[in-house]
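Asks: One structure is given below, represented as structure tokens, and several questions about it will come after.
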Amino acid sequence: MERASKPKQIRLSTKPTREDLAALKIGDIVYLDGLIYTGREGVYMRVLEGKEPLPLSLPEESAANFHCSPAATVDQDGNITMGAVTATASFRFSKWIGDWLRISGAMLIIGKGGMTSHDYKEHFVPNGAIYLTTVGYGTGALLGRGIKRARDIYWRKELGLAQAMWLIGAENMGPFIVESDLEGNSLFERENAKVSANLERVYAGTKPAVLKRFGETDDRSDELIS
Amino acid sequence: MISIDAIQKTAETLMEKAAIEIPEDYLDGLKAAADVEDGDLSSFVLQAMLENYEAAKQDRRAMCGDTGCPRWYVKMGNEARIEGGPIALETVLRRATANATRNVPLRPNRVHPLWRTDHDNNVGIGAPEIEYAFEPEGDWIDLVTVHKGGLFGTDYRMLFPSDGIAGIKRFYLDSLVAFGKRGLACQPAIIGIGLGGSKDACMVLGKRAACLRTVGNRNSDPRIAEMEREFKELGNSIGMGAMGFVGKSMVIDCHIEVGYCHTGGMQMSVHAFCLSSRRAVARIHGDGRVEYRTDPNWFTDYQRRETVEWNVLPSLSKSA
């Protein structure tokens, strides 16, 4: 069997230049160096809806926002033990991402599964940001190895361990895959289009359920039976 | 009498094993999938996952940052007696869950659905789930922990006899394609299908089919076993691989469990266990011996019995 070609692998700073990002192509493999912060719905709601000030200077300290909750624990003296880290699905944060990119100056959004090319073109491209997806999912132990140390945790009491904002120091942390580029193209959408071309053949010989569900029709007056 | 301390100690060890050590049957299944995968991105993903399992074992750290929702399946032989009874048993399983969350560490995933209260220990109302089953013989207790991950990959539908196998296939494919996009189901996975029962029983059957049977295991009904083989093939023919990239590895194995249902219906559930198929098992014998394994051996003939009485001769029973 013909072996697959190996994708290109690149080391990237968590405070990248525009040129660094322009050189990346969707499907490239990236390993990160520098500070990364976690932030998901808890942080977004607190900052964007609650108007709380940011607990650190962004993007001066880090331009990399990880949609992640680590498997970590904090002892009574505040010492942090971090085991594995993997991302959470990013599509759920679409409503906040535009405002977040503007406020935080983030240039790298790291998560699971990407967002839509509509989000990329609407929010990422104007802010010079790209999306990196974790691999798997998830390579939690490999990513955990790339964490040199957990630097800080903000809003631990207010948001709990999973939603709190963690600041972590990364060294050769990865792998991540470049999912969107500076033009807003999406690797997932490209792959999905290829997979979709095959679906009619796969579905041959199956049949739709005799009782439909809402969603399969948007007409709420539909009888649903067929 | 099985000592309650032995149960707690064993349960804590199981929590750690489940989070860190990928079960051998799933690992072999994934390696076999990686051997035939020729999509360049899908291949890269599978190789990265294989490296990840090694890293987890070497470092003794959780294989995935989302350590799932820990739950317990408890099975007892008919002669098993627990020190302190079932209340003590449930207390130590909850305690072991909380202790392991801090010590491994695991991610404290469990929160109140409305108030999002987080005890930071994976324990709360109804958490961890503890389910029970019994076998006709034995003085042992089997502890199975499953840390099922993922918010995606599971669905339920009321089908009807007229939907037939063609309708079952359609809903199966719909579930794989819908949740497989962008890899939200964390495929390739063990897929469990529940058929029949009632709505709640159907969900339970499908989840147990995914989480409590090993790769390569087949249903004892030869016609269902044949469906399992066919459905595995069907899932891998979609053209979708890991992370939703072009590929051929979607299903590491497909397991189907059935329960008798209302004569007019044919309930169906689909469950995807993820790339981190976290399950660990131990048997604690009446004499205190503890044996660890990764095969829950949950679906014995007794669990799938169809008759009123259970009077199979002990020598013929596969209740071990």
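Following the order of the structure tokens, chains are lettered A, B, ..., residues in each are numbered from 1, and ligands are numbered from 1.
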Quick one: residues within 8 Å of Leu176 of chain B, only C-alpha atoms counted, chain neighbours fewer than 4 positions away excluded, as an MDAnalysis selection string?

Replies: chainID B and resid 153 172 180 235

Asks: Would you list the contacts of segment 194-205 of chain B as a list of chain:residue names, taking every protein, DNA or RNA residue within 8 Å and counting only C-alpha atoms, but skipping same-chain residues closer than 5 positions in sequence?

Replies: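 What passes the distance filter is B:Tyr156, B:Met158, B:Ile256, B:Glu257, B:Val258, B:Gly259, B:Tyr260, B:Cys261, B:His262, B:Gly265, B:Met266, B:Gln267, B:Met268, B:Ser269, B:Val270.
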
Asks: Using only C-alpha atoms, find which residues of chain B lie within 7 Å of chain A and jot them down as a PyMOL selection string.

Replies: chain B and resi 38-40+45+49+52+55-56+61-66+102+105-109+118+120+159+163+166-167+169-170+181-184+186+237-240+242-246+275

Asks: Please produce an output containing N, CA and C atoms for each residue in the selection, written as a compact mmCIF listing (two decimals), in the first residue's frame.

Replies:
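Contents of selection_23.txt, as written:
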# COMPACT_ATOMS: atom_id res chain seq x y z
N ASP B 38 -4.81 4.98 4.53
CA ASP B 38 -3.91 5.61 3.57
C ASP B 38 -4.20 7.11 3.36
N GLY B 39 -5.19 7.65 4.07
CA GLY B 39 -5.38 9.10 4.02
C GLY B 39 -4.22 9.76 4.76
N ASP B 40 -3.57 10.78 4.15
CA ASP B 40 -2.35 11.31 4.77
C ASP B 40 -2.62 11.96 6.13
N VAL B 45 -2.91 11.40 12.23
CA VAL B 45 -3.67 11.45 13.48
C VAL B 45 -3.54 10.12 14.23
N MET B 49 -1.94 9.39 17.92
CA MET B 49 -2.68 8.76 19.03
C MET B 49 -1.88 7.60 19.61
N ASN B 52 0.64 8.89 21.73
CA ASN B 52 0.03 9.46 22.94
C ASN B 52 -0.22 8.40 24.01
N ALA B 55 3.02 7.74 25.66
CA ALA B 55 3.41 8.85 26.54
C ALA B 55 2.63 8.78 27.85
N ALA B 56 1.35 8.46 27.76
CA ALA B 56 0.51 8.40 28.96
C ALA B 56 1.04 7.33 29.92
N ARG B 61 0.39 9.72 33.18
CA ARG B 61 -0.55 10.83 33.15
C ARG B 61 -1.74 10.41 32.29
N ALA B 62 -2.89 11.05 32.52
CA ALA B 62 -4.10 10.70 31.79
C ALA B 62 -3.85 10.79 30.28
N MET B 63 -4.43 9.84 29.53
CA MET B 63 -4.18 9.82 28.08
C MET B 63 -4.87 10.98 27.38
N CYS B 64 -5.97 11.46 27.95
CA CYS B 64 -6.68 12.59 27.34
C CYS B 64 -6.98 13.61 28.42
N GLY B 65 -6.94 14.88 28.03
CA GLY B 65 -7.22 15.95 28.99
C GLY B 65 -8.66 15.95 29.44
N ASP B 66 -9.55 15.55 28.52
CA ASP B 66 -10.93 15.34 28.94
C ASP B 66 -11.01 13.91 29.44
N ARG B 102 -8.46 13.94 42.34
CA ARG B 102 -7.40 14.80 42.86
C ARG B 102 -6.02 14.19 42.62
N PRO B 105 -3.98 13.58 38.21
CA PRO B 105 -5.34 14.05 38.43
C PRO B 105 -6.23 13.82 37.21
N LEU B 106 -7.55 13.81 37.47
CA LEU B 106 -8.54 13.80 36.40
C LEU B 106 -9.13 15.19 36.29
N ARG B 107 -9.79 15.43 35.18
CA ARG B 107 -10.46 16.72 35.06
C ARG B 107 -11.78 16.65 35.82
N PRO B 108 -12.05 17.62 36.68
CA PRO B 108 -13.34 17.62 37.38
C PRO B 108 -14.44 18.06 36.41
N ASN B 109 -15.00 17.08 35.72
CA ASN B 109 -15.95 17.40 34.65
C ASN B 109 -17.37 17.63 35.13
N ASP B 118 -19.62 23.15 40.70
CA ASP B 118 -18.56 22.17 40.44
C ASP B 118 -17.86 21.82 41.75
N ASP B 120 -15.42 19.95 41.96
CA ASP B 120 -14.02 19.67 41.62
C ASP B 120 -13.59 18.24 41.96
N LEU B 159 -37.65 3.75 16.06
CA LEU B 159 -37.96 3.18 14.74
C LEU B 159 -39.11 2.20 14.93
N ASP B 163 -39.55 -0.06 9.49
CA ASP B 163 -38.27 0.56 9.11
C ASP B 163 -37.26 -0.52 8.74
N ALA B 166 -33.00 -1.78 6.75
CA ALA B 166 -32.62 -0.61 5.94
C ALA B 166 -32.74 0.67 6.76
N GLY B 167 -33.76 0.73 7.63
CA GLY B 167 -33.92 1.90 8.48
C GLY B 167 -32.87 1.96 9.58
N LYS B 169 -29.86 0.76 9.31
CA LYS B 169 -28.61 1.19 8.65
C LYS B 169 -28.60 2.70 8.44
N ARG B 170 -29.75 3.24 8.04
CA ARG B 170 -29.82 4.67 7.78
C ARG B 170 -29.50 5.47 9.05
N LYS B 181 -18.15 14.33 11.55
CA LYS B 181 -17.61 15.53 10.91
C LYS B 181 -16.70 16.26 11.88
N ARG B 182 -15.55 16.67 11.39
CA ARG B 182 -14.54 17.36 12.20
C ARG B 182 -14.08 16.50 13.38
N GLY B 183 -14.46 15.23 13.35
CA GLY B 183 -13.99 14.32 14.41
C GLY B 183 -14.62 14.55 15.76
N LEU B 184 -15.80 15.13 15.80
CA LEU B 184 -16.40 15.43 17.10
C LEU B 184 -16.63 14.16 17.93
N CYS B 186 -14.64 11.80 18.16
CA CYS B 186 -13.32 11.27 18.54
C CYS B 186 -13.14 9.85 18.00
N SER B 237 -16.69 2.19 5.37
CA SER B 237 -16.78 2.44 3.92
C SER B 237 -17.27 3.87 3.64
N ILE B 238 -17.54 4.64 4.70
CA ILE B 238 -18.06 6.00 4.49
C ILE B 238 -17.05 6.86 3.73
N GLY B 239 -15.77 6.61 4.00
CA GLY B 239 -14.74 7.44 3.38
C GLY B 239 -14.24 8.50 4.34
N MET B 240 -14.68 8.37 5.60
CA MET B 240 -14.31 9.33 6.63
C MET B 240 -13.40 8.64 7.64
N ALA B 242 -10.25 9.53 10.97
CA ALA B 242 -10.04 10.30 12.20
C ALA B 242 -10.22 11.79 11.91
N MET B 243 -10.82 12.50 12.83
CA MET B 243 -11.04 13.94 12.76
C MET B 243 -11.91 14.37 11.58
N GLY B 244 -12.59 13.39 10.96
CA GLY B 244 -13.43 13.73 9.82
C GLY B 244 -12.66 13.93 8.54
N PHE B 245 -11.35 13.66 8.57
CA PHE B 245 -10.54 13.76 7.37
C PHE B 245 -10.84 12.57 6.46
N VAL B 246 -10.49 12.72 5.18
CA VAL B 246 -10.67 11.61 4.25
C VAL B 246 -9.90 10.40 4.77
N LEU B 275 -11.62 7.67 21.17
CA LEU B 275 -10.24 7.20 21.00
C LEU B 275 -9.59 6.87 22.34

Asks: Got a sec: who's within 9 Å of Asp152 of chain A, counting only C-alpha atoms, leaving out chain neighbours fewer than 4 positions off, as number ranges by chain?

Replies: A: 80, 165-168

Asks: Would you output that residue set with all heavy atoms, as a short mmCIF file (atom, residue, chain, number, x, y, z; two decimals), in the first residue's frame?

Replies:
data_model
loop_
_atom_site.label_atom_id
_atom_site.label_comp_id
_atom_site.auth_asym_id
_atom_site.auth_seq_id
_atom_site.Cartn_x
_atom_site.Cartn_y
_atom_site.Cartn_z
N ILE A 80 0.36 23.84 41.52
CA ILE A 80 -0.47 23.26 40.46
C ILE A 80 0.17 21.98 39.92
O ILE A 80 1.36 21.95 39.62
CB ILE A 80 -0.64 24.27 39.30
CG1 ILE A 80 -1.35 25.54 39.80
CG2 ILE A 80 -1.39 23.64 38.13
CD1 ILE A 80 -1.32 26.69 38.81
N MET A 165 -9.23 30.39 34.13
CA MET A 165 -8.27 30.79 33.11
C MET A 165 -6.88 30.37 33.59
O MET A 165 -6.37 30.90 34.57
CB MET A 165 -8.35 32.31 32.94
CG MET A 165 -7.69 32.86 31.72
SD MET A 165 -8.11 34.63 31.61
CE MET A 165 -7.47 35.01 30.00
N TRP A 166 -6.29 29.42 32.90
CA TRP A 166 -4.97 28.91 33.25
C TRP A 166 -3.93 29.55 32.34
O TRP A 166 -4.15 29.68 31.13
CB TRP A 166 -4.89 27.40 33.05
CG TRP A 166 -5.83 26.59 33.89
CD1 TRP A 166 -7.17 26.39 33.69
CD2 TRP A 166 -5.50 25.83 35.07
NE1 TRP A 166 -7.69 25.57 34.66
CE2 TRP A 166 -6.69 25.21 35.51
CE3 TRP A 166 -4.30 25.62 35.77
CZ2 TRP A 166 -6.73 24.38 36.64
CZ3 TRP A 166 -4.35 24.79 36.88
CH2 TRP A 166 -5.54 24.19 37.32
N LEU A 167 -2.81 29.92 32.92
CA LEU A 167 -1.70 30.43 32.10
C LEU A 167 -0.60 29.39 32.14
O LEU A 167 -0.09 29.04 33.21
CB LEU A 167 -1.20 31.77 32.67
CG LEU A 167 -0.13 32.47 31.83
CD1 LEU A 167 -0.66 32.89 30.47
CD2 LEU A 167 0.41 33.70 32.58
N ILE A 168 -0.25 28.87 30.96
CA ILE A 168 0.72 27.78 30.93
C ILE A 168 1.88 28.10 30.00
O ILE A 168 1.71 28.77 28.97
CB ILE A 168 0.05 26.44 30.50
CG1 ILE A 168 -0.69 26.61 29.18
CG2 ILE A 168 -0.91 25.95 31.56
CD1 ILE A 168 -1.46 25.36 28.75
#

Asks: Determine which residues of segment 72-176 of chain A DSSP labels as strand (DSSP E) from the backbone of this structure, then write them out as an MDAnalysis selection string.

Replies: chainID A and resid 72:74 80:82 108:111 130:134 147:154 165:176

Asks: May I have the residues within 6 Å of Ile2 of chain B as a PyMOL selection string, using only C-alpha atoms and disregarding those fewer than 4 positions away in the same chain?

Replies: chain B and resi 82-83+286

Asks: Given the selection you just returned, output its residues as a file containing all heavy atoms, formatted as a short mmCIF file (atom, residue, chain, number, x, y, z; two decimals), in the first residue's frame.

Replies:
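Everything below was put into result_32.cif:
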data_model
loop_
_atom_site.label_atom_id
_atom_site.label_comp_id
_atom_site.auth_asym_id
_atom_site.auth_seq_id
_atom_site.Cartn_x
_atom_site.Cartn_y
_atom_site.Cartn_z
N ILE B 82 -20.81 -8.10 51.09
CA ILE B 82 -19.97 -6.91 51.19
C ILE B 82 -19.99 -6.40 52.62
O ILE B 82 -21.08 -6.18 53.18
CB ILE B 82 -20.50 -5.78 50.27
CG1 ILE B 82 -20.77 -6.29 48.86
CG2 ILE B 82 -19.55 -4.59 50.27
CD1 ILE B 82 -19.56 -6.68 48.09
N GLU B 83 -18.82 -6.16 53.18
CA GLU B 83 -18.74 -5.59 54.52
C GLU B 83 -19.43 -4.22 54.53
O GLU B 83 -19.06 -3.33 53.76
CB GLU B 83 -17.27 -5.43 54.93
CG GLU B 83 -17.07 -4.85 56.30
CD GLU B 83 -15.63 -4.38 56.54
OE1 GLU B 83 -14.77 -4.61 55.67
OE2 GLU B 83 -15.38 -3.79 57.60
N GLY B 286 -14.02 -13.54 47.39
CA GLY B 286 -14.40 -13.63 48.80
C GLY B 286 -13.21 -13.81 49.72
O GLY B 286 -13.24 -13.36 50.87
#

Asks: Could you pull out the alpha helix (DSSP H) residues of chain A from DSSP and send them as a PyMOL selection string?

Replies: chain A and resi 18-22+41-44+94-104+117-119+140-145+156-163+187-196+199-203

Asks: For Lys57 of chain B, work out the shell of residues within 7 Å, counting only C-alpha atoms and skipping chain neighbours fewer than 3 positions away, then give it as number ranges by chain.

Replies: B: 20-21, 53-54, 60-61

Asks: So how many Å separate atom CA of Ala19 of chain B and atom CA of His147 of chain B, to one decimal?

Replies: 7.3 Å

Asks: With the cut-off set at 10 Å and counting only C-alpha atoms, tabulate each residue of segment 179-266 of chain B with an atom at most that distance from an atom of segment 290-300 of chain B, showing the nearest atom pair and its distance in Å to one decimal, ordered by chain and increasing number, as CSV.

Replies:
residue,atom,partner,partner_atom,distance
B:Arg208,CA,B:Trp298,CA,8.5
B:Ala209,CA,B:Phe299,CA,8.7
B:Cys211,CA,B:Pro296,CA,8.9
B:Leu212,CA,B:Pro296,CA,5.7
B:Arg213,CA,B:Pro296,CA,6.9
B:Thr214,CA,B:Asp295,CA,6.2
B:Val215,CA,B:Asp295,CA,9.6
B:Asn217,CA,B:Asn297,CA,9.7
B:Asn219,CA,B:Phe299,CA,8.6
B:Ser220,CA,B:Thr300,CA,9.0
B:Glu257,CA,B:Phe299,CA,9.0

Asks: Nearest residue to Arg46 of chain A out of A:Asp77, A:Glu158, A:Asp222, A:Glu179, using only C-alpha atoms?

Replies: A:Glu158

Asks: Residues near segment 137-145 of chain B, anyone? I mean within 7 Å using only C-alpha atoms, not counting same-chain ones fewer than 3 positions away, as a list in words.

Replies: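 The residues satisfying every condition are Leu14, Met15, Pro70, Arg71, Trp72, Tyr73, Val74, Lys75, Met76, Gly77, Asn78, Glu79, Ala80, Arg279, Ala280, Val281, Ala282, Arg283, Ile284, His285, Gly286 and Pro296 of chain B.
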
Asks: Could you pull the residues within 12 Å of Glu49 of chain A, counting only C-alpha atoms, minus those fewer than 3 positions along the same chain, as a PyMOL selection string?

Replies: chain A and resi 41-46+52-53+95-96+99-100

Asks: Which is closer to Thr10 of chain B than all the others in B:Thr67, B:Pro222, B:Gly288, B:Met250, using only C-alpha atoms?

Replies: B:Gly288

Asks: What does the structure give for the distance between atom CA of Ile193 of chain B and atom CA of Gly264 of chain B, in Å to one decimal?

Replies: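 Pair atom CA of Ile193 of chain B / atom CA of Gly264 of chain B returns 19.4 Å.
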
Asks: One number please: atom CA of Gln9 of chain A to atom CA of Lys25 of chain A, in Å, one decimal.

Replies: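 Taking atom CA of Gln9 of chain A and atom CA of Lys25 of chain A, their separation equals 10.8 Å.
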
Asks: For Leu182 of chain A, which residue among A:Phe93, A:Tyr37, A:Tyr120, A:Phe66 is the nearest when counting only C-alpha atoms?

Replies: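 Under the stated criterion, the closest residue is A:Tyr120.
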